[in-house]
$ cat final-v3.txt   # compact mmCIF, C-alpha atoms and all ligand atoms
# COMPACT_ATOMS: atom_id res chain seq x y z
CA MET A 1413 14.62 17.02 -10.19
CA PHE A 1414 14.31 13.30 -10.96
CA HIS A 1415 17.88 12.80 -9.72
CA THR A 1416 17.06 14.72 -6.53
CA VAL A 1417 14.13 12.40 -5.83
CA GLU A 1418 16.31 9.38 -6.64
CA ALA A 1419 19.03 10.62 -4.28
CA GLN A 1420 16.41 11.20 -1.57
CA LEU A 1421 15.20 7.62 -2.08
CA SER A 1422 18.65 6.09 -1.88
CA HIS A 1423 19.09 7.67 1.57
CA GLN A 1424 15.74 6.48 2.84
CA VAL A 1425 15.95 3.88 5.60
CA VAL A 1426 13.59 1.01 4.78
CA THR A 1427 12.14 0.05 8.15
CA PRO A 1428 10.70 -3.46 8.67
CA GLU A 1429 7.20 -1.87 8.78
CA LEU A 1430 7.74 -0.15 5.43
CA ARG A 1431 9.07 -3.38 3.92
CA ALA A 1432 6.03 -5.27 5.25
CA GLU A 1433 3.73 -2.62 3.72
CA PHE A 1434 5.54 -3.02 0.39
CA ARG A 1435 5.25 -6.81 0.46
CA GLN A 1436 1.53 -6.61 1.28
CA HIS A 1437 1.01 -4.11 -1.56
CA ASP A 1438 2.99 -6.31 -3.96
CA PHE A 1439 0.92 -9.37 -3.03
CA GLU A 1440 -2.40 -7.55 -3.45
CA ARG A 1441 -1.30 -6.20 -6.85
CA LEU A 1442 -0.17 -9.63 -8.08
CA ARG A 1443 -2.90 -11.82 -6.57
CA THR A 1444 -4.69 -12.35 -9.91
CA PHE A 1445 -1.38 -13.11 -11.62
CA CYS A 1446 -0.61 -15.73 -8.93
CA LEU A 1447 -4.01 -17.31 -9.45
CA LEU A 1448 -3.36 -17.44 -13.19
CA VAL A 1449 0.07 -19.04 -12.68
CA PHE A 1450 -1.43 -21.66 -10.34
CA CYS A 1451 -4.22 -22.50 -12.80
CA VAL A 1452 -1.95 -22.65 -15.87
CA SER A 1453 0.59 -24.82 -14.05
CA ILE A 1454 -2.17 -27.26 -13.00
CA GLY A 1455 -3.35 -27.38 -16.64
CA LEU A 1456 0.18 -28.10 -17.82
CA TRP A 1457 0.75 -30.78 -15.20
CA PHE A 1458 -2.60 -32.40 -16.02
CA PHE A 1459 -1.82 -32.42 -19.75
CA ILE A 1460 1.59 -34.06 -19.28
CA ASP A 1461 0.23 -36.48 -16.67
CA VAL A 1462 -2.56 -37.64 -19.01
CA LEU A 1463 -0.06 -38.01 -21.86
CA VAL A 1464 2.47 -39.99 -19.80
CA SER A 1465 -0.18 -42.11 -18.03
CA PHE A 1466 -1.96 -43.22 -21.17
CA GLU A 1467 1.18 -43.61 -23.29
CA GLY A 1468 2.63 -45.73 -20.46
CA GLY A 1469 -0.59 -47.77 -20.38
CA GLN A 1470 -1.29 -46.95 -16.69
CA GLY A 1471 -4.46 -44.90 -17.21
CA PHE A 1472 -5.44 -42.10 -14.87
CA THR A 1473 -4.56 -43.34 -11.36
CA PRO A 1474 -6.05 -42.33 -7.96
CA LYS A 1475 -2.67 -40.69 -7.20
CA SER A 1476 -3.23 -38.27 -10.09
CA ILE A 1477 -6.72 -37.47 -8.79
CA LEU A 1478 -5.30 -36.88 -5.29
CA PHE A 1479 -2.62 -34.46 -6.56
CA LEU A 1480 -5.13 -32.72 -8.80
CA ALA A 1481 -7.45 -32.24 -5.81
CA LEU A 1482 -4.58 -30.99 -3.63
CA LEU A 1483 -3.32 -28.51 -6.22
CA GLY A 1484 -6.89 -27.38 -7.00
CA GLY A 1485 -7.70 -26.99 -3.29
CA LEU A 1486 -4.60 -24.84 -2.66
CA THR A 1487 -5.43 -22.70 -5.72
CA CYS A 1488 -8.98 -22.12 -4.44
CA CYS A 1489 -7.48 -20.66 -1.23
CA VAL A 1490 -5.69 -17.82 -3.09
CA PRO A 1491 -8.70 -15.45 -3.46
CA PHE A 1492 -9.45 -15.77 0.28
CA ILE A 1493 -5.95 -15.01 1.54
CA ARG A 1494 -5.62 -11.53 3.01
CA ARG A 1495 -2.05 -11.38 4.30
CA ALA A 1496 1.07 -11.66 2.14
CA ARG A 1497 2.76 -13.88 4.76
CA SER A 1498 -0.04 -16.45 4.49
CA PHE A 1499 0.38 -16.47 0.73
CA TYR A 1500 4.12 -17.16 1.05
CA LEU A 1501 3.33 -20.29 3.10
CA LEU A 1502 0.63 -21.41 0.71
CA ASN A 1503 2.93 -20.85 -2.26
CA LEU A 1504 5.68 -22.90 -0.64
CA LEU A 1505 3.17 -25.69 0.04
CA TYR A 1506 1.87 -25.50 -3.52
CA VAL A 1507 5.40 -25.71 -4.95
CA GLY A 1508 6.14 -28.71 -2.70
CA VAL A 1509 3.02 -30.58 -3.86
CA TYR A 1510 3.65 -29.56 -7.47
CA CYS A 1511 7.24 -30.80 -7.40
CA PHE A 1512 6.24 -34.16 -5.87
CA SER A 1513 3.44 -34.66 -8.38
CA SER A 1514 5.76 -33.69 -11.26
CA ARG A 1515 8.44 -36.08 -10.03
CA LEU A 1516 5.91 -38.94 -10.08
CA VAL A 1517 4.88 -38.08 -13.63
CA ILE A 1518 8.51 -37.82 -14.76
CA GLU A 1519 9.30 -41.20 -13.22
CA GLY A 1520 6.74 -42.63 -15.63
CA MET A 1521 8.82 -41.39 -18.59
CA PRO A 1522 11.66 -43.30 -20.27
CA GLU A 1523 14.73 -43.21 -18.00
CA VAL A 1524 16.94 -41.56 -20.55
CA VAL A 1525 14.85 -38.36 -20.70
CA GLN A 1526 14.18 -38.09 -16.96
CA PRO A 1527 17.17 -35.84 -15.99
CA LEU A 1528 16.24 -33.44 -18.77
CA TRP A 1529 12.59 -33.27 -17.74
CA LEU A 1530 13.51 -32.86 -14.07
CA THR A 1531 15.80 -29.95 -15.00
CA LEU A 1532 13.18 -28.41 -17.27
CA THR A 1533 10.44 -28.63 -14.64
CA ALA A 1534 12.63 -27.34 -11.78
CA SER A 1535 13.82 -24.43 -13.94
CA SER A 1536 10.24 -23.47 -14.83
CA VAL A 1537 9.14 -23.62 -11.18
CA VAL A 1538 11.99 -21.46 -9.84
CA PHE A 1539 11.66 -19.02 -12.74
CA LEU A 1540 7.96 -18.48 -11.94
CA ALA A 1541 8.77 -18.26 -8.23
CA SER A 1542 11.21 -15.43 -8.90
CA VAL A 1543 8.50 -13.21 -10.44
CA MET A 1544 5.84 -13.95 -7.82
CA PRO A 1545 5.39 -12.02 -4.55
CA GLN A 1546 7.86 -13.44 -2.02
CA ASN A 1547 10.03 -12.62 0.91
CA HIS A 1548 13.61 -13.91 0.97
CA TYR A 1549 12.77 -16.86 3.24
CA SER A 1550 9.95 -18.16 1.08
CA TYR A 1551 11.92 -17.59 -2.13
CA PHE A 1552 15.00 -19.51 -0.98
CA GLY A 1553 12.68 -22.10 0.60
CA ILE A 1554 11.10 -22.65 -2.81
CA GLN A 1555 14.53 -22.93 -4.45
CA ALA A 1556 15.58 -25.54 -1.88
CA VAL A 1557 12.35 -27.60 -2.08
CA THR A 1558 12.35 -27.51 -5.88
CA TRP A 1559 15.93 -28.67 -6.40
CA LEU A 1560 15.67 -31.25 -3.61
CA VAL A 1561 12.52 -32.87 -4.97
CA LEU A 1562 13.33 -32.45 -8.65
CA ASN A 1563 17.03 -33.14 -8.31
CA PRO A 1564 18.18 -34.44 -11.72
CA PHE A 1565 21.20 -36.14 -10.05
CA SER A 1566 19.29 -38.06 -7.39
CA ASP A 1567 20.58 -41.32 -8.90
CA GLY A 1568 24.17 -40.05 -8.62
CA VAL A 1569 26.48 -38.63 -11.28
CA ALA A 1570 28.04 -41.38 -13.36
CA GLY A 1571 31.62 -40.15 -13.66
CA LEU A 1572 32.10 -37.11 -15.81
CA GLU A 1573 29.70 -38.00 -18.57
CA LEU A 1574 29.02 -35.22 -21.01
CA GLU A 1575 25.25 -35.21 -20.47
CA ASP A 1576 25.59 -34.94 -16.66
CA SER A 1577 28.16 -32.18 -16.95
CA LEU A 1578 25.95 -30.22 -19.34
CA ILE A 1579 22.95 -30.52 -17.06
CA PHE A 1580 25.05 -29.66 -14.00
CA PHE A 1581 26.42 -26.46 -15.53
CA TYR A 1582 23.02 -25.50 -16.89
CA VAL A 1583 21.47 -25.90 -13.40
CA LEU A 1584 24.29 -23.83 -11.89
CA PHE A 1585 23.87 -21.11 -14.51
CA PHE A 1586 20.09 -21.09 -14.18
CA LEU A 1587 20.21 -21.01 -10.39
CA GLY A 1588 22.52 -17.98 -10.44
CA MET A 1589 20.41 -16.24 -13.05
CA THR A 1590 17.08 -16.72 -11.25
CA VAL A 1591 18.49 -15.65 -7.87
CA TYR A 1592 20.02 -12.54 -9.47
CA THR A 1593 16.76 -11.74 -11.33
CA TYR A 1594 14.74 -12.20 -8.16
CA LEU A 1595 16.99 -9.90 -6.10
CA ARG A 1596 17.09 -7.19 -8.82
CA LEU A 1597 13.36 -7.41 -9.46
CA THR A 1598 12.52 -7.16 -5.76
CA GLN A 1599 14.84 -4.16 -5.34
CA GLY A 1600 13.30 -2.51 -8.43
CA LYS A 1601 9.75 -3.08 -7.18
CA LEU A 1602 10.69 -1.75 -3.73
CA ASN A 1603 12.22 1.39 -5.29
CA ASN A 1604 9.07 1.97 -7.36
CA PHE A 1605 6.93 1.58 -4.25
CA LEU A 1606 9.07 4.03 -2.27
CA MET A 1607 9.07 6.50 -5.18
CA ALA A 1608 5.26 6.33 -5.48
CA ARG A 1609 4.91 6.90 -1.72
CA LEU A 1610 7.30 9.83 -1.76
CA LEU A 1611 5.53 11.48 -4.70
CA MET A 1612 2.13 10.87 -3.09
CA GLU A 1613 3.38 12.48 0.11
CA GLN A 1614 4.76 15.46 -1.76
CA ALA A 1615 1.55 15.87 -3.74
CA TYR A 1616 -0.93 15.41 -0.89
CA LEU A 1617 0.82 16.43 2.34
CA ASP A 1618 1.49 20.01 3.39
CA ALA A 1619 5.27 20.32 3.64
CA LEU A 1620 5.27 22.59 6.73
CA THR A 1621 2.57 21.08 8.93
CA ARG A 1622 2.63 17.45 7.64
CA ILE A 1623 -1.17 17.33 7.52
CA PRO A 1624 -3.12 16.89 4.22
CA ASN A 1625 -3.04 19.86 1.83
CA ARG A 1626 -5.78 21.55 -0.21
CA ARG A 1627 -5.47 19.04 -3.08
CA ALA A 1628 -5.92 16.09 -0.70
CA PHE A 1629 -8.86 17.83 1.04
CA ILE A 1630 -10.70 18.57 -2.20
CA SER A 1631 -10.21 15.07 -3.55
CA GLN A 1632 -11.19 13.34 -0.27
CA THR A 1633 -14.22 15.49 0.51
CA THR A 1634 -15.47 15.38 -3.10
CA GLU A 1635 -15.32 11.58 -2.94
CA ARG A 1636 -17.13 11.55 0.41
CA LEU A 1637 -19.77 13.98 -0.89
CA GLU A 1638 -20.39 11.78 -3.93
CA LYS A 1639 -20.74 8.68 -1.77
CA SER A 1640 -22.91 10.24 0.96
CA GLU A 1641 -26.49 9.05 1.41
CA PRO A 1642 -29.38 11.55 1.10
CA GLY A 1643 -30.21 12.92 4.53
CA GLN A 1644 -26.77 12.18 5.99
CA ARG A 1645 -25.58 14.95 8.33
CA ARG A 1646 -22.44 16.62 6.97
CA TYR A 1647 -20.59 19.79 7.93
CA LEU A 1648 -17.80 21.86 6.51
CA ALA A 1649 -15.74 24.17 8.70
CA MET A 1650 -13.24 26.87 7.78
CA VAL A 1651 -10.63 27.69 10.41
CA ASP A 1652 -8.44 30.82 10.34
CA ILE A 1653 -5.73 31.88 12.79
CA ASP A 1654 -6.51 35.29 14.30
CA PHE A 1655 -4.16 38.21 13.66
CA PHE A 1656 -1.62 35.91 12.13
CA LYS A 1657 0.07 38.76 10.28
CA LYS A 1658 0.70 40.37 13.67
CA ILE A 1659 2.29 37.15 14.98
CA ASN A 1660 4.60 37.10 11.97
CA ASP A 1661 5.40 40.78 12.28
CA SER A 1662 6.01 40.66 16.06
CA TYR A 1663 7.96 37.39 16.41
CA GLY A 1664 9.16 36.62 12.90
CA HIS A 1665 8.17 34.04 10.29
CA ASP A 1666 9.81 31.13 12.11
CA ILE A 1667 7.52 31.60 15.08
CA GLY A 1668 4.62 32.05 12.63
CA ASP A 1669 5.54 28.66 11.17
CA GLU A 1670 5.64 27.15 14.66
CA VAL A 1671 2.14 28.47 15.36
CA LEU A 1672 0.90 26.94 12.10
CA GLN A 1673 2.43 23.57 13.07
CA ARG A 1674 0.90 23.79 16.54
CA VAL A 1675 -2.60 24.53 15.23
CA ALA A 1676 -2.22 21.68 12.69
CA GLY A 1677 -1.29 19.41 15.63
CA ASN A 1678 -4.45 20.54 17.49
CA LEU A 1679 -6.53 19.59 14.44
CA ARG A 1680 -4.78 16.22 14.19
CA ASP A 1681 -5.38 15.48 17.90
CA GLY A 1682 -8.96 16.68 18.06
CA LEU A 1683 -10.36 15.44 14.74
CA GLU A 1684 -9.14 11.89 14.42
CA GLY A 1685 -11.29 9.96 11.94
CA PHE A 1686 -12.52 13.10 10.12
CA GLU A 1687 -11.08 14.97 7.14
CA PHE A 1688 -8.99 18.07 7.75
CA ALA A 1689 -6.30 19.94 5.86
CA ARG A 1690 -4.28 23.11 5.58
CA LEU A 1691 -5.98 24.92 2.70
CA GLY A 1692 -3.23 27.53 2.37
CA GLY A 1693 -1.67 30.38 4.38
CA GLU A 1694 -3.17 30.37 7.88
CA GLU A 1695 -6.44 28.74 6.76
CA PHE A 1696 -7.58 25.17 7.49
CA GLY A 1697 -10.58 23.14 6.34
CA ILE A 1698 -12.55 20.44 8.21
CA TYR A 1699 -15.17 17.99 6.96
CA LEU A 1700 -17.37 16.22 9.52
CA TRP A 1701 -20.19 13.70 9.15
CA ASP A 1702 -22.73 11.64 11.13
CA LEU A 1703 -22.79 14.11 14.04
CA SER A 1704 -25.67 16.13 15.48
CA PRO A 1705 -25.28 19.95 15.18
CA GLU A 1706 -24.58 20.01 18.93
CA GLU A 1707 -21.81 17.40 18.63
CA ALA A 1708 -20.23 19.22 15.66
CA GLY A 1709 -20.43 22.51 17.60
CA GLN A 1710 -18.85 20.87 20.65
CA LEU A 1711 -15.95 19.56 18.55
CA MET A 1712 -15.35 23.13 17.32
CA GLU A 1713 -15.48 24.49 20.88
CA ASN A 1714 -12.92 21.87 21.96
CA LEU A 1715 -10.66 22.92 19.10
CA LEU A 1716 -10.96 26.61 20.01
CA ARG A 1717 -10.03 25.78 23.60
CA ALA A 1718 -7.11 23.52 22.64
CA VAL A 1719 -5.57 26.31 20.53
CA ARG A 1720 -6.30 29.07 23.06
CA GLU A 1721 -4.99 27.14 26.06
CA ALA A 1722 -1.91 25.60 24.43
CA PRO A 1723 1.05 25.93 26.83
CA THR A 1724 3.30 28.21 24.78
CA SER A 1725 5.10 31.55 24.95
CA HIS A 1726 3.48 32.53 21.62
CA PRO A 1727 -0.25 32.14 22.17
CA ALA A 1728 -2.76 32.29 19.35
CA THR A 1729 -6.48 31.94 18.82
CA ILE A 1730 -8.56 30.81 15.86
CA SER A 1731 -11.94 31.67 14.36
CA ILE A 1732 -14.23 29.06 12.85
CA GLY A 1733 -17.13 29.08 10.40
CA LEU A 1734 -19.16 25.85 10.57
CA ALA A 1735 -21.69 25.19 7.82
CA ARG A 1736 -24.16 22.35 7.53
CA LEU A 1737 -24.43 20.90 4.04
CA ALA A 1738 -27.87 20.42 2.50
CA ASP A 1739 -28.51 17.48 0.15
CA GLY A 1740 -27.10 18.33 -3.27
CA ASP A 1741 -24.73 21.05 -1.99
CA THR A 1742 -21.43 21.06 -3.88
CA LEU A 1743 -18.09 21.45 -2.14
CA ASN A 1744 -17.77 24.98 -3.54
CA GLN A 1745 -21.19 26.00 -2.18
CA ALA A 1746 -20.24 24.54 1.21
CA LEU A 1747 -16.92 26.42 1.22
CA ILE A 1748 -18.70 29.72 0.46
CA LYS A 1749 -21.23 29.07 3.25
CA ALA A 1750 -18.50 28.19 5.77
CA ASP A 1751 -16.46 31.23 4.68
CA GLN A 1752 -19.42 33.52 5.36
CA ALA A 1753 -19.82 31.97 8.82
CA LEU A 1754 -16.08 32.47 9.41
CA TYR A 1755 -16.45 36.12 8.46
CA GLN A 1756 -19.17 36.42 11.14
CA SER A 1757 -16.80 34.93 13.74
CA LYS A 1758 -14.10 37.45 12.80
CA HIS A 1759 -16.62 40.30 12.76
CA ASN A 1760 -18.00 39.38 16.20
CA GLY A 1761 -14.62 39.48 17.93
CA ARG A 1762 -12.68 36.31 16.84
CA ASP A 1763 -11.77 33.24 18.98
CA ARG A 1764 -15.24 31.80 18.36
CA SER A 1765 -17.21 29.52 16.10
CA THR A 1766 -20.30 30.52 14.09
CA TYR A 1767 -22.78 27.92 12.91
CA ALA A 1768 -24.59 28.30 9.58
CA PRO A 1769 -27.46 25.77 9.54
N1 LIG A 1801 4.95 32.25 8.88
C1 LIG A 1801 4.13 32.04 7.84
N2 LIG A 1801 3.26 33.00 7.48
C2 LIG A 1801 2.43 32.77 6.45
C3 LIG A 1801 2.43 31.56 5.75
N3 LIG A 1801 1.48 31.61 4.78
C4 LIG A 1801 0.89 32.82 4.89
N4 LIG A 1801 1.44 33.55 5.91
C5 LIG A 1801 1.12 34.87 6.37
O1 LIG A 1801 -0.18 34.86 6.94
C6 LIG A 1801 -0.61 36.21 7.03
C7 LIG A 1801 -2.12 36.26 6.78
O2 LIG A 1801 -2.56 37.48 7.25
P1 LIG A 1801 -3.99 38.09 6.95
O3 LIG A 1801 -4.63 37.33 5.80
O4 LIG A 1801 -3.84 39.56 6.79
O5 LIG A 1801 -4.87 37.75 8.20
P2 LIG A 1801 -4.63 37.89 9.77
O6 LIG A 1801 -3.47 38.72 10.12
O7 LIG A 1801 -4.61 36.50 10.31
O8 LIG A 1801 -5.92 38.64 10.26
P3 LIG A 1801 -7.36 38.03 10.49
O9 LIG A 1801 -7.50 36.83 9.64
O10 LIG A 1801 -8.31 39.13 10.10
O11 LIG A 1801 -7.46 37.70 11.94
C8 LIG A 1801 0.22 37.01 6.00
O12 LIG A 1801 1.07 37.87 6.67
C9 LIG A 1801 1.05 35.94 5.29
O13 LIG A 1801 2.35 36.37 4.97
C10 LIG A 1801 3.39 30.57 6.14
O14 LIG A 1801 3.47 29.46 5.57
N5 LIG A 1801 4.20 30.85 7.19

$ encode --input "final-v3.txt" --output "structure tokens" --more "lines below"
Ligand SMILES: Nc1nc2c(ncn2[C@@H]2O[C@H](COP(=O)(O)OP(=O)(O)OP(=O)(O)O)[C@@H](O)[C@H]2O)c(=O)[nH]1
Amino acid sequence: MFHTVEAQLSHQVVTPELRAEFRQHDFERLRTFCLLVFCVSIGLWFFIDVLVSFEGGQGFTPKSILFLALLGGLTCCVPFIRRARSFYLLNLLYVGVYCFSSRLVIEGMPEVVQPLWLTLTASSVVFLASVMPQNHYSYFGIQAVTWLVLNPFSDGVAGLELEDSLIFFYVLFFLGMTVYTYLRLTQGKLNNFLMARLLMEQAYLDALTRIPNRRAFISQTTERLEKSEPGQRRYLAMVDIDFFKKINDSYGHDIGDEVLQRVAGNLRDGLEGFEFARLGGEEFGIYLWDLSPEEAGQLMENLLRAVREAPTSHPATISIGLARLADGDTLNQALIKADQALYQSKHNGRDRSTYAP
């Protein structure tokens, strides 16, 4: 079964919208981690800056204060950012400022250790960038900015000296490794996201009608019931297709399925913003709130008409039981009440709605 789901995933076309949803989800999930990385990196920079400044006898200069303020200011923006795209820009800006400030600190170190420190800092920055939420543009932008600003060979390569060659091959190796890790990690995270979506869909969507199923309805309405204020007007309706067995018997199960899909479509069109689901067989459930009894009744009448008057060669009608929930009513009590009202609709001739106050 796992292989079937995996095979299904590998054939899924990842549209730009789906990719954007994934990136937004990834950013929201990792926002706290990003904040932590920003704060720790400022701490590290500050520590090394203080060490180098005082060892070098320069003291803490206004430049250090400026960079500290810039880095701190950019970090403070993270909790307020809503869109992943804005974070990518901010991250790129942060990396730029961080690289410049690090370069200045490193230039205060003895010349002989500078290439090593530049390599070390650039490697740490691009490693962290490869595990943070990114799109390809921002990731390769960060790689470019980092290696340009923290280029360990900015003073030129003096012949084929051993130290330069070692650093050069290390940078090459590290660059390849971080790019590879980033691409694999992103693909892995995307696959996980798609898998979670697929499983959610299979668990909460009715396979035939593509509207929520009983499990989704129970979980959503229970949550809404728990959150509802005392005195709030709430209703539960049960909907049942009339003589559905006859439709199946006369036209076959395929047409029966079509009728189910059509009625589900009528629910989707007429009840936008409310909860509805296929509870099983030819039975549907609806949960409404913040409506007067007249408005709820009118919605049910509209639904009855939409099903009755659907332009089709296989007409059908539905019966509805609409129950008003009292404060403290459980979902089960509401379902029983609505079911009794539905029974009244069937008993009184079908194609109608009965209201149980
Ligand atoms: N085509 C199709 N039929 C289904 C599906 N699920 C349940 N049914 C059929 O739905 C029918 C339900 O019939 P009944 O419960 O007897 O009710 P009814 O014929 O609608 O009669 P009333 O409710 O009294 O108007 C049964 O024949 C089931 O086989 C489905 O997914 N597809």

$ residues_around --input "final-v3.txt" --residues "region 1658-1660 of chain A" --least-positions-apart "6" --cutoff "12 Å" --atoms "all atoms listed in the file" --output "PyMOL selection string"
chain A and resi 1666-1672+1693-1694+1725-1729

$ write_last_selection --input "final-v3.txt" --atoms "C-alpha atoms" --output "JSON list (two decimals), in the coordinates of the input"
[["chain", "number", "residue", "atom", "x", "y", "z"],
["A", 1666, "ASP", "CA", 9.81, 31.13, 12.11],
["A", 1667, "ILE", "CA", 7.52, 31.60, 15.08],
["A", 1668, "GLY", "CA", 4.62, 32.05, 12.63],
["A", 1669, "ASP", "CA", 5.54, 28.66, 11.17],
["A", 1670, "GLU", "CA", 5.64, 27.15, 14.66],
["A", 1671, "VAL", "CA", 2.14, 28.47, 15.36],
["A", 1672, "LEU", "CA", 0.90, 26.94, 12.10],
["A", 1693, "GLY", "CA", -1.67, 30.38, 4.38],
["A", 1694, "GLU", "CA", -3.17, 30.37, 7.88],
["A", 1725, "SER", "CA", 5.10, 31.55, 24.95],
["A", 1726, "HIS", "CA", 3.48, 32.53, 21.62],
["A", 1727, "PRO", "CA", -0.25, 32.14, 22.17],
["A", 1728, "ALA", "CA", -2.76, 32.29, 19.35],
["A", 1729, "THR", "CA", -6.48, 31.94, 18.82]]

$ residues_near_point --input "final-v3.txt" --point "(-16.8, 30.5, 7.1)" --cutoff "12 Å" --atoms "all atoms listed in the file" --output "ChimeraX atom specification"
/A:1647-1652,1695-1698,1731-1736,1745-1759,1764-1769

$ atom_distance --input "final-v3.txt" --atom1 "atom N2 of ligand LIG 1801 (chain A)" --atom2 "CA of Tyr1699 (chain A)"
23.8 Å

$ closest_residue --input "final-v3.txt" --among "A:Ile1518, A:Ser1535, A:Phe1605, A:Ala1689" --to "Leu1463 (chain A)" --atoms "only C-alpha atoms"
A:Ile1518

$ atom_distance --input "final-v3.txt" --atom1 "CA of Leu1486 (chain A)" --atom2 "CA of Leu1447 (chain A)"
10.2 Å

$ residues_around --input "final-v3.txt" --residues "Ser1498 (chain A)" --least-positions-apart "5" --cutoff "12 Å" --atoms "only C-alpha atoms" --output "list of chain:residue names"
A:Arg1435, A:Gln1436, A:Phe1439, A:Leu1486, A:Cys1489, A:Val1490, A:Pro1491, A:Phe1492, A:Ile1493, A:Asn1503, A:Leu1504, A:Leu1505, A:Pro1545, A:Gln1546, A:Asn1547, A:Ser1550

$ atom_distance --input "final-v3.txt" --atom1 "atom O12 of ligand LIG 1801 (chain A)" --atom2 "CA of Phe1655 (chain A)"
8.7 Å

$ axis_aligned_box --input "final-v3.txt" --around "region 1741-1749 of chain A" --padding-each-side "3 Å" --output "JSON"
{"center_x": -20.8, "center_y": 25.4, "center_z": -0.3, "size_x": 13.8, "size_y": 14.7, "size_z": 13.1}

$ closest_residue --input "final-v3.txt" --among "A:Leu1743, A:Val1543, A:Trp1701, A:Glu1713" --to "Thr1633 (chain A)" --atoms "only C-alpha atoms"
A:Leu1743

$ closest_residue --input "final-v3.txt" --among "A:Asp1618, A:Asp1739, A:Glu1467, A:Glu1641" --to "ligand LIG 1801 (chain A)" --atoms "all atoms listed in the file"
A:Asp1618

$ closest_residue --input "final-v3.txt" --among "A:His1665, A:His1437, A:Lys1657, A:His1415" --to "Leu1606 (chain A)" --atoms "all atoms listed in the file"
A:His1437

$ closest_residue --input "final-v3.txt" --among "A:Phe1445, A:Trp1529, A:Phe1581, A:Phe1629" --to "Ala1541 (chain A)" --atoms "all atoms listed in the file"
A:Phe1445

$ residues_near_point --input "final-v3.txt" --point "(19.7, -27.0, -14.1)" --cutoff "8 Å" --atoms "only C-alpha atoms" --output "PyMOL selection string"
chain A and resi 1531-1532+1534-1535+1564+1579-1587

$ closest_residue --input "final-v3.txt" --among "A:Ser1704, A:Ala1496, A:Val1557, A:Gly1761" --to "Asp1654 (chain A)" --atoms "only C-alpha atoms"
A:Gly1761

$ residues_around --input "final-v3.txt" --residues "Leu1679 (chain A)" --least-positions-apart "4" --cutoff "8 Å" --atoms "only C-alpha atoms" --output "mmCIF file with C-alpha atoms, keeping the file's coordinate frame"
data_model
loop_
_atom_site.group_PDB
_atom_site.id
_atom_site.type_symbol
_atom_site.label_atom_id
_atom_site.label_comp_id
_atom_site.auth_asym_id
_atom_site.auth_seq_id
_atom_site.Cartn_x
_atom_site.Cartn_y
_atom_site.Cartn_z
ATOM 1 C CA VAL A 1675 -2.600 24.530 15.230
ATOM 2 C CA LEU A 1683 -10.360 15.440 14.740
ATOM 3 C CA PHE A 1688 -8.990 18.070 7.750
ATOM 4 C CA LEU A 1715 -10.660 22.920 19.100
#
